[in-house]
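Q: See input_12.cif below, with mmCIF, C-alpha atoms.
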```
data_my_file
loop_
_atom_site.group_PDB
_atom_site.id
_atom_site.type_symbol
_atom_site.label_atom_id
_atom_site.label_comp_id
_atom_site.auth_asym_id
_atom_site.auth_seq_id
_atom_site.Cartn_x
_atom_site.Cartn_y
_atom_site.Cartn_z
ATOM 1 C CA ASP Q 1 96.887 152.925 -34.112
ATOM 2 C CA ALA Q 2 93.911 151.460 -32.275
ATOM 3 C CA GLY Q 3 96.016 148.970 -30.362
ATOM 4 C CA VAL Q 4 95.273 145.277 -30.082
ATOM 5 C CA ILE Q 5 91.579 144.598 -30.615
ATOM 6 C CA GLN Q 6 89.775 141.637 -29.113
ATOM 7 C CA SER Q 7 86.208 140.456 -29.481
ATOM 8 C CA PRO Q 8 83.941 139.731 -27.849
ATOM 9 C CA ARG Q 9 84.762 141.499 -24.578
ATOM 10 C CA HIS Q 10 82.497 139.167 -22.638
ATOM 11 C CA GLU Q 11 81.253 135.711 -23.489
ATOM 12 C CA VAL Q 12 78.884 133.561 -21.465
ATOM 13 C CA THR Q 13 78.232 130.086 -22.747
ATOM 14 C CA GLU Q 14 77.108 126.707 -21.572
ATOM 15 C CA MET Q 15 79.321 123.714 -21.069
ATOM 16 C CA GLY Q 16 79.850 121.789 -24.268
ATOM 17 C CA GLN Q 17 79.416 124.750 -26.585
ATOM 18 C CA GLU Q 18 82.067 125.970 -28.994
ATOM 19 C CA VAL Q 19 83.663 129.308 -28.188
ATOM 20 C CA THR Q 20 85.670 131.437 -30.610
ATOM 21 C CA LEU Q 21 87.739 134.387 -29.435
ATOM 22 C CA ARG Q 22 89.103 136.883 -31.941
ATOM 23 C CA CYS Q 23 92.125 139.140 -32.058
ATOM 24 C CA LYS Q 24 93.469 141.822 -34.360
ATOM 25 C CA PRO Q 25 97.104 142.661 -33.553
ATOM 26 C CA ILE Q 26 98.751 146.019 -34.021
ATOM 27 C CA SER Q 27 99.500 146.566 -37.691
ATOM 28 C CA GLY Q 28 103.073 145.648 -38.557
ATOM 29 C CA HIS Q 29 103.685 143.481 -35.514
ATOM 30 C CA ASP Q 30 105.216 140.122 -36.373
ATOM 31 C CA TYR Q 31 104.421 138.237 -33.183
ATOM 32 C CA LEU Q 32 101.059 137.404 -31.678
ATOM 33 C CA PHE Q 33 100.497 135.789 -28.285
ATOM 34 C CA TRP Q 34 97.445 134.256 -26.608
ATOM 35 C CA TYR Q 35 97.355 134.258 -22.801
ATOM 36 C CA ARG Q 36 94.892 133.090 -20.183
ATOM 37 C CA GLN Q 37 94.568 134.772 -16.792
ATOM 38 C CA THR Q 38 92.980 133.292 -13.671
ATOM 39 C CA MET Q 39 93.300 134.130 -10.000
ATOM 40 C CA MET Q 40 94.838 130.755 -9.255
ATOM 41 C CA ARG Q 41 97.395 130.531 -12.036
ATOM 42 C CA GLY Q 42 97.974 134.143 -13.041
ATOM 43 C CA LEU Q 43 98.818 135.021 -16.641
ATOM 44 C CA GLU Q 44 99.812 131.983 -18.688
ATOM 45 C CA LEU Q 45 101.075 131.872 -22.248
ATOM 46 C CA LEU Q 46 99.005 129.482 -24.354
ATOM 47 C CA ILE Q 47 100.495 129.836 -27.834
ATOM 48 C CA TYR Q 48 102.370 132.321 -29.951
ATOM 49 C CA PHE Q 49 102.787 132.990 -33.654
ATOM 50 C CA ASN Q 50 105.547 134.549 -35.708
ATOM 51 C CA ASN Q 51 104.592 135.784 -39.160
ATOM 52 C CA ASN Q 52 101.312 133.851 -38.882
ATOM 53 C CA VAL Q 53 103.076 130.545 -38.102
ATOM 54 C CA PRO Q 54 102.533 128.869 -34.711
ATOM 55 C CA ILE Q 55 105.908 128.635 -32.975
ATOM 56 C CA ASP Q 56 105.145 127.204 -29.552
ATOM 57 C CA ASP Q 57 101.816 125.779 -28.436
ATOM 58 C CA SER Q 58 103.113 123.949 -25.398
ATOM 59 C CA GLY Q 59 100.936 126.085 -23.152
ATOM 60 C CA MET Q 60 97.694 124.989 -24.772
ATOM 61 C CA PRO Q 61 95.994 123.002 -22.024
ATOM 62 C CA GLU Q 62 94.517 120.234 -24.141
ATOM 63 C CA ASP Q 63 93.179 119.271 -27.533
ATOM 64 C CA ARG Q 64 89.974 121.165 -26.928
ATOM 65 C CA PHE Q 65 91.947 124.346 -27.548
ATOM 66 C CA SER Q 66 93.088 125.401 -31.005
ATOM 67 C CA ALA Q 67 94.418 128.636 -32.460
ATOM 68 C CA LYS Q 68 94.832 129.911 -35.972
ATOM 69 C CA MET Q 69 96.291 132.934 -37.656
ATOM 70 C CA PRO Q 70 95.111 132.963 -41.282
ATOM 71 C CA ASN Q 71 96.707 136.348 -41.994
ATOM 72 C CA ALA Q 72 98.778 139.056 -40.353
ATOM 73 C CA SER Q 73 95.782 140.949 -39.051
ATOM 74 C CA PHE Q 74 93.614 138.250 -37.548
ATOM 75 C CA SER Q 75 93.829 135.343 -35.130
ATOM 76 C CA THR Q 76 91.303 133.107 -33.407
ATOM 77 C CA LEU Q 77 91.383 130.962 -30.300
ATOM 78 C CA LYS Q 78 88.758 128.236 -30.286
ATOM 79 C CA ILE Q 79 87.590 126.029 -27.442
ATOM 80 C CA GLN Q 80 85.496 123.041 -28.402
ATOM 81 C CA PRO Q 81 83.826 121.737 -26.322
ATOM 82 C CA SER Q 82 84.035 124.322 -23.555
ATOM 83 C CA GLU Q 83 84.098 123.364 -19.871
ATOM 84 C CA PRO Q 84 83.491 125.402 -16.689
ATOM 85 C CA ARG Q 85 87.214 125.243 -15.839
ATOM 86 C CA ASP Q 86 87.921 127.209 -19.027
ATOM 87 C CA SER Q 87 86.351 130.276 -17.402
ATOM 88 C CA ALA Q 88 89.050 132.960 -17.385
ATOM 89 C CA VAL Q 89 90.119 136.177 -19.061
ATOM 90 C CA TYR Q 90 91.855 135.538 -22.360
ATOM 91 C CA PHE Q 91 94.316 138.133 -23.626
ATOM 92 C CA CYS Q 92 95.879 138.599 -26.994
ATOM 93 C CA ALA Q 93 99.151 140.516 -27.276
ATOM 94 C CA SER Q 94 101.454 141.489 -30.096
ATOM 95 C CA THR Q 95 105.014 142.692 -30.482
ATOM 96 C CA LEU Q 96 107.084 144.057 -33.318
ATOM 97 C CA GLY Q 97 109.978 141.610 -33.256
ATOM 98 C CA GLY Q 98 113.346 142.319 -34.825
ATOM 99 C CA GLY Q 99 115.149 142.535 -31.501
ATOM 100 C CA ASN Q 100 115.510 140.587 -28.313
ATOM 101 C CA THR Q 101 113.622 142.769 -25.902
ATOM 102 C CA ASP Q 102 110.460 143.969 -27.569
ATOM 103 C CA THR Q 103 107.682 144.665 -25.157
ATOM 104 C CA GLN Q 104 104.252 143.198 -25.608
ATOM 105 C CA TYR Q 105 101.094 145.196 -26.221
ATOM 106 C CA PHE Q 106 98.003 143.616 -24.766
ATOM 107 C CA GLY Q 107 94.404 143.820 -25.833
ATOM 108 C CA PRO Q 108 91.573 144.470 -23.378
ATOM 109 C CA GLY Q 109 90.836 140.773 -22.988
ATOM 110 C CA THR Q 110 87.797 138.545 -23.356
ATOM 111 C CA ARG Q 111 86.135 137.461 -20.131
ATOM 112 C CA LEU Q 112 84.817 133.944 -20.711
ATOM 113 C CA THR Q 113 82.290 132.330 -18.414
ATOM 114 C CA VAL Q 114 81.324 128.722 -19.042
ATOM 115 C CA LEU Q 115 78.266 127.638 -17.077
ATOM 116 C CA SER P 116 111.178 123.900 -12.173
ATOM 117 C CA GLN P 117 111.135 127.565 -13.134
ATOM 118 C CA LYS P 118 109.331 129.794 -10.668
ATOM 119 C CA ILE P 119 108.558 133.499 -10.293
ATOM 120 C CA GLU P 120 107.321 134.916 -6.997
ATOM 121 C CA GLN P 121 106.116 138.411 -6.260
ATOM 122 C CA ASN P 122 106.498 139.201 -2.613
ATOM 123 C CA SER P 123 102.896 139.718 -1.686
ATOM 124 C CA GLU P 124 99.488 139.599 -3.226
ATOM 125 C CA ALA P 125 98.571 143.002 -1.818
ATOM 126 C CA LEU P 126 100.426 146.043 -0.543
ATOM 127 C CA ASN P 127 98.868 149.096 1.086
ATOM 128 C CA ILE P 128 100.843 152.304 1.320
ATOM 129 C CA GLN P 129 100.214 155.880 2.331
ATOM 130 C CA GLU P 130 100.170 158.545 -0.355
ATOM 131 C CA GLY P 131 103.544 160.215 -0.756
ATOM 132 C CA LYS P 132 105.534 157.231 0.472
ATOM 133 C CA THR P 133 107.735 154.972 -1.638
ATOM 134 C CA ALA P 134 106.210 151.653 -2.656
ATOM 135 C CA THR P 135 108.625 148.754 -3.112
ATOM 136 C CA LEU P 136 107.542 145.583 -4.879
ATOM 137 C CA THR P 137 109.679 142.456 -5.117
ATOM 138 C CA CYS P 138 110.047 139.835 -7.823
ATOM 139 C CA ASN P 139 112.098 136.717 -7.096
ATOM 140 C CA TYR P 140 112.814 133.929 -9.523
ATOM 141 C CA THR P 141 114.418 130.501 -9.487
ATOM 142 C CA ASN P 142 115.821 128.257 -12.203
ATOM 143 C CA TYR P 143 115.878 131.077 -14.738
ATOM 144 C CA SER P 144 118.673 132.817 -16.550
ATOM 145 C CA PRO P 145 116.721 135.675 -18.071
ATOM 146 C CA ALA P 146 118.292 138.075 -20.514
ATOM 147 C CA TYR P 147 115.884 140.766 -19.324
ATOM 148 C CA LEU P 148 113.034 141.437 -16.961
ATOM 149 C CA GLN P 149 109.973 143.601 -17.523
ATOM 150 C CA TRP P 150 107.402 145.243 -15.272
ATOM 151 C CA TYR P 151 103.801 145.743 -16.322
ATOM 152 C CA ARG P 152 100.855 147.536 -14.767
ATOM 153 C CA GLN P 153 97.354 146.080 -14.928
ATOM 154 C CA ASP P 154 94.189 147.970 -14.026
ATOM 155 C CA PRO P 155 90.900 146.142 -13.346
ATOM 156 C CA GLY P 156 89.215 145.000 -16.534
ATOM 157 C CA ARG P 157 92.189 145.888 -18.699
ATOM 158 C CA GLY P 158 95.205 144.203 -20.207
ATOM 159 C CA PRO P 159 98.708 144.662 -18.792
ATOM 160 C CA VAL P 160 100.604 147.771 -19.888
ATOM 161 C CA PHE P 161 104.392 147.822 -20.189
ATOM 162 C CA LEU P 162 106.276 150.074 -17.788
ATOM 163 C CA LEU P 163 109.991 149.286 -17.717
ATOM 164 C CA LEU P 164 112.519 146.789 -19.002
ATOM 165 C CA ILE P 165 115.900 146.030 -17.468
ATOM 166 C CA ARG P 166 118.575 143.836 -18.978
ATOM 167 C CA GLU P 167 120.715 141.291 -17.161
ATOM 168 C CA ASN P 168 123.790 143.519 -17.396
ATOM 169 C CA GLU P 169 121.999 146.570 -15.972
ATOM 170 C CA LYS P 170 121.743 147.217 -12.265
ATOM 171 C CA GLU P 171 119.153 149.971 -12.287
ATOM 172 C CA LYS P 172 116.692 151.688 -14.601
ATOM 173 C CA ARG P 173 114.587 154.788 -13.981
ATOM 174 C CA LYS P 174 111.574 156.377 -15.591
ATOM 175 C CA GLU P 175 110.037 159.408 -13.921
ATOM 176 C CA ARG P 176 108.921 158.214 -10.451
ATOM 177 C CA LEU P 177 109.665 154.560 -11.235
ATOM 178 C CA LYS P 178 112.889 152.725 -10.512
ATOM 179 C CA VAL P 179 113.755 149.097 -11.169
ATOM 180 C CA THR P 180 116.767 147.164 -9.939
ATOM 181 C CA PHE P 181 117.929 143.768 -11.136
ATOM 182 C CA ASP P 182 120.276 141.533 -9.150
ATOM 183 C CA THR P 183 121.072 138.370 -11.091
ATOM 184 C CA THR P 184 123.085 136.982 -8.169
ATOM 185 C CA LEU P 185 120.163 137.248 -5.777
ATOM 186 C CA LYS P 186 117.765 136.445 -8.640
ATOM 187 C CA GLN P 187 115.646 139.374 -7.647
ATOM 188 C CA SER P 188 114.172 142.586 -9.044
ATOM 189 C CA LEU P 189 112.843 145.467 -6.980
ATOM 190 C CA PHE P 190 110.296 147.914 -8.371
ATOM 191 C CA HIS P 191 109.978 151.277 -6.635
ATOM 192 C CA ILE P 192 107.372 153.998 -7.018
ATOM 193 C CA THR P 193 108.441 157.179 -5.282
ATOM 194 C CA ALA P 194 106.006 159.850 -4.072
ATOM 195 C CA SER P 195 103.168 157.387 -4.607
ATOM 196 C CA GLN P 196 99.729 158.669 -5.605
ATOM 197 C CA PRO P 197 96.266 157.097 -5.450
ATOM 198 C CA ALA P 198 96.416 156.882 -9.267
ATOM 199 C CA ASP P 199 99.293 154.413 -8.873
ATOM 200 C CA SER P 200 96.870 151.894 -7.373
ATOM 201 C CA ALA P 201 96.891 148.859 -9.663
ATOM 202 C CA THR P 202 98.312 145.362 -9.939
ATOM 203 C CA TYR P 203 101.968 145.215 -10.954
ATOM 204 C CA LEU P 204 103.342 142.184 -12.774
ATOM 205 C CA CYS P 205 106.924 141.200 -13.340
ATOM 206 C CA ALA P 206 107.791 139.146 -16.405
ATOM 207 C CA LEU P 207 110.911 137.288 -17.406
ATOM 208 C CA ASP P 208 111.955 136.088 -20.790
ATOM 209 C CA ARG P 209 112.349 132.349 -20.891
ATOM 210 C CA GLY P 210 115.992 132.602 -21.826
ATOM 211 C CA SER P 211 115.410 130.241 -24.710
ATOM 212 C CA GLY P 212 117.455 132.226 -27.136
ATOM 213 C CA ALA P 213 117.374 135.398 -29.114
ATOM 214 C CA GLY P 214 114.065 136.352 -30.580
ATOM 215 C CA SER P 215 111.910 133.939 -28.641
ATOM 216 C CA TYR P 216 109.897 136.761 -27.035
ATOM 217 C CA GLN P 217 108.288 134.313 -24.663
ATOM 218 C CA LEU P 218 107.533 135.886 -21.319
ATOM 219 C CA THR P 219 106.627 134.193 -18.063
ATOM 220 C CA PHE P 220 104.661 136.408 -15.683
ATOM 221 C CA GLY P 221 104.453 136.512 -11.916
ATOM 222 C CA LYS P 222 100.995 136.553 -10.355
ATOM 223 C CA GLY P 223 101.287 140.212 -9.503
ATOM 224 C CA THR P 224 101.122 142.467 -6.471
ATOM 225 C CA LYS P 225 98.022 144.602 -5.966
ATOM 226 C CA LEU P 226 99.119 148.027 -4.775
ATOM 227 C CA SER P 227 96.688 150.340 -3.011
ATOM 228 C CA VAL P 228 97.807 153.911 -2.314
ATOM 229 C CA ILE P 229 95.744 155.400 0.465
ATOM 230 C CA PRO P 230 95.082 159.164 0.381
#
```
Please express what this file holds, its structure, as structure tokens.
A:
Amino acid sequence: DAGVIQSPRHEVTEMGQEVTLRCKPISGHDYLFWYRQTMMRGLELLIYFNNNVPIDDSGMPEDRFSAKMPNASFSTLKIQPSEPRDSAVYFCASTLGGGNTDTQYFGPGTRLTVL
Amino acid sequence: SQKIEQNSEALNIQEGKTATLTCNYTNYSPAYLQWYRQDPGRGPVFLLLIRENEKEKRKERLKVTFDTTLKQSLFHITASQPADSATYLCALDRGSGAGSYQLTFGKGTKLSVIP
């Protein structure tokens, strides 16, 4: 398996623009997670899905952020409008589920810079 | 509020020595704790998991301990090598019930093994 795939790897945009980050989880995994990593706050969970359904979005910072999972092999994280404080590395991760201790497999991340 | 602290942001150690990293937590009752390794520009990679009823877990040169009374986990790398240089993250499940799969991560300790 190719692992978790994220695109783009780098994104530079201007404040106010819409940004869409994409993720393809590992085939067969039932859970998908979106994280954000910054030096100040570390790795934070934004939202996670189970079988394409959002389960907990309490980590989403504000209404400018939205996430969708239209099918088992694709998810998007959208920021509209983007702000400089959104600059961070965004990771997608997936896990198989079916137990209580499944580890998470992370993608390579998308480094977002908002000017 | 729930809090996870990793003992230091950076740790330098001589090659061949044992590196010991610490993860302390408060206001958690985790069912398990995980350790991940993160290299620059990459996503975290799972290393070890230890459950609340386990005292110690080993994998090759890695050893993890888990003391739920002290609310602390220690992560040891014996016979350290320059290739072990990376940032190490501890992660706790949120204890919100079976199958939640939600992890909260510490900010990490950057380990540098000096030849």
Q: Using only C-alpha atoms, which protein or nucleic acid residues come within 8 Å of region 63-76 of chain Q? Drop anything in the same chain fewer than 3 positions from it, and give the result as a list in words.
A: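 Once the adjacent positions are removed, what remains is Thr20, Leu21, Arg22, Cys23, Lys24, Pro25, Ile26, Ser27, Asp30, Ile47, Phe49, Asn51, Asn52, Val53, Pro54, Met60, Ile79, Gln80, Pro81 and Ser82 of chain Q.
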Q: Using only C-alpha atoms - which residues lie no farther than 12 Å from the point (83.6, 144.2, -31.6) in the file's frame? Write them as a VMD selection string.
A: chain Q and resid 4 to 11 21 to 24 108 to 110
Q: Have a look at CA of Met15 (chain Q) and CA of Phe33 (chain Q) and let me know their distance in Å, one decimal.
A: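 Separating CA of Met15 (chain Q) from CA of Phe33 (chain Q) is a distance of 25.4 Å.
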Q: What residues in chain Q lie within 7 Å of chain P, counting all atoms listed in the file, written as a list in words?
A: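 My answer is Gly42, Leu43, Gly99, Asn100, Thr103, Tyr105, Phe106, Gly107, Pro108 and Gly109 of chain Q.
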Q: Any idea what the distance is between CA of Lys172 (chain P) and CA of Ile128 (chain P)?
A: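 Atom-to-atom, CA of Lys172 (chain P) and CA of Ile128 (chain P) are spaced 22.5 Å apart.
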Q: Go ahead and compute the interatomic distance for CA of Gln129 (chain P) and CA of Ile229 (chain P), in Å to one decimal.
A: 4.9 Å
Q: Taking the point (111.4, 124.9, -9.4) as given in the file, collect each protein or nucleic acid residue that comes within 8 Å of it, counting only C-alpha atoms, and present the set as a list in words.
A: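 Residues satisfying the cut-off, written out: Ser116, Gln117, Lys118, Thr141 and Asn142 of chain P.
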Q: So, with only C-alpha atoms as the atoms that count, which of P:Ser144, P:Asn168, P:Thr183, P:Asn127 lies closest to Asp199 (chain P)?
A: P:Asn127
Q: Identify which of the residues P:Gln153, P:Ser188, P:Ser227, P:Thr180 lies closest to Asn122 (chain P), counting all atoms listed in the file when measuring atom-to-atom distances.
A: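 Comparing P:Gln153, P:Ser188, P:Ser227, P:Thr180 against Asn122 (chain P), the winner is P:Ser188.
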Q: To verify the selection step, state as a ChimeraX atom specification which residues the PyMOL selection byres ((chain P and resi 193) around 10) yields on this input.
A: /P:130-135,175-178,190-192,194-196
Q: With 8 Å added on each side, what axis-aligned box encloses every listed atom of region 49-68 of chain Q? Give the centre and edge lengths in Å to one decimal, as AutoDock Vina command-line options.
A:
```
--center_x 97.9 --center_y 127.5 --center_z -30.6 --size_x 31.9 --size_y 32.5 --size_z 33.1
```
Q: Would you list the contacts of Arg36 (chain Q) as an mmCIF file with C-alpha atoms, in the frame of the given file, taking every protein, DNA or RNA residue within 8 Å and counting all atoms listed in the file, but skipping same-chain residues closer than 3 positions in sequence?
A:
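The resulting file, selection22.cif, is shown below:
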```cif
data_model
loop_
_atom_site.group_PDB
_atom_site.id
_atom_site.type_symbol
_atom_site.label_atom_id
_atom_site.label_comp_id
_atom_site.auth_asym_id
_atom_site.auth_seq_id
_atom_site.Cartn_x
_atom_site.Cartn_y
_atom_site.Cartn_z
ATOM 1 C CA GLY Q 42 97.974 134.143 -13.041
ATOM 2 C CA LEU Q 43 98.818 135.021 -16.641
ATOM 3 C CA GLU Q 44 99.812 131.983 -18.688
ATOM 4 C CA LEU Q 45 101.075 131.872 -22.248
ATOM 5 C CA LEU Q 46 99.005 129.482 -24.354
ATOM 6 C CA ALA Q 88 89.050 132.960 -17.385
ATOM 7 C CA VAL Q 89 90.119 136.177 -19.061
ATOM 8 C CA TYR Q 90 91.855 135.538 -22.360
ATOM 9 C CA PHE Q 91 94.316 138.133 -23.626
#
```
Q: From the set Q:Leu77, Q:Cys92, Q:Val19, Q:Ser58, which residue has the shortest atom-to-atom contact distance to Trp34 (chain Q), counting all atoms listed in the file?
A: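 Closest residue, counting all atoms listed in the file: Q:Cys92.
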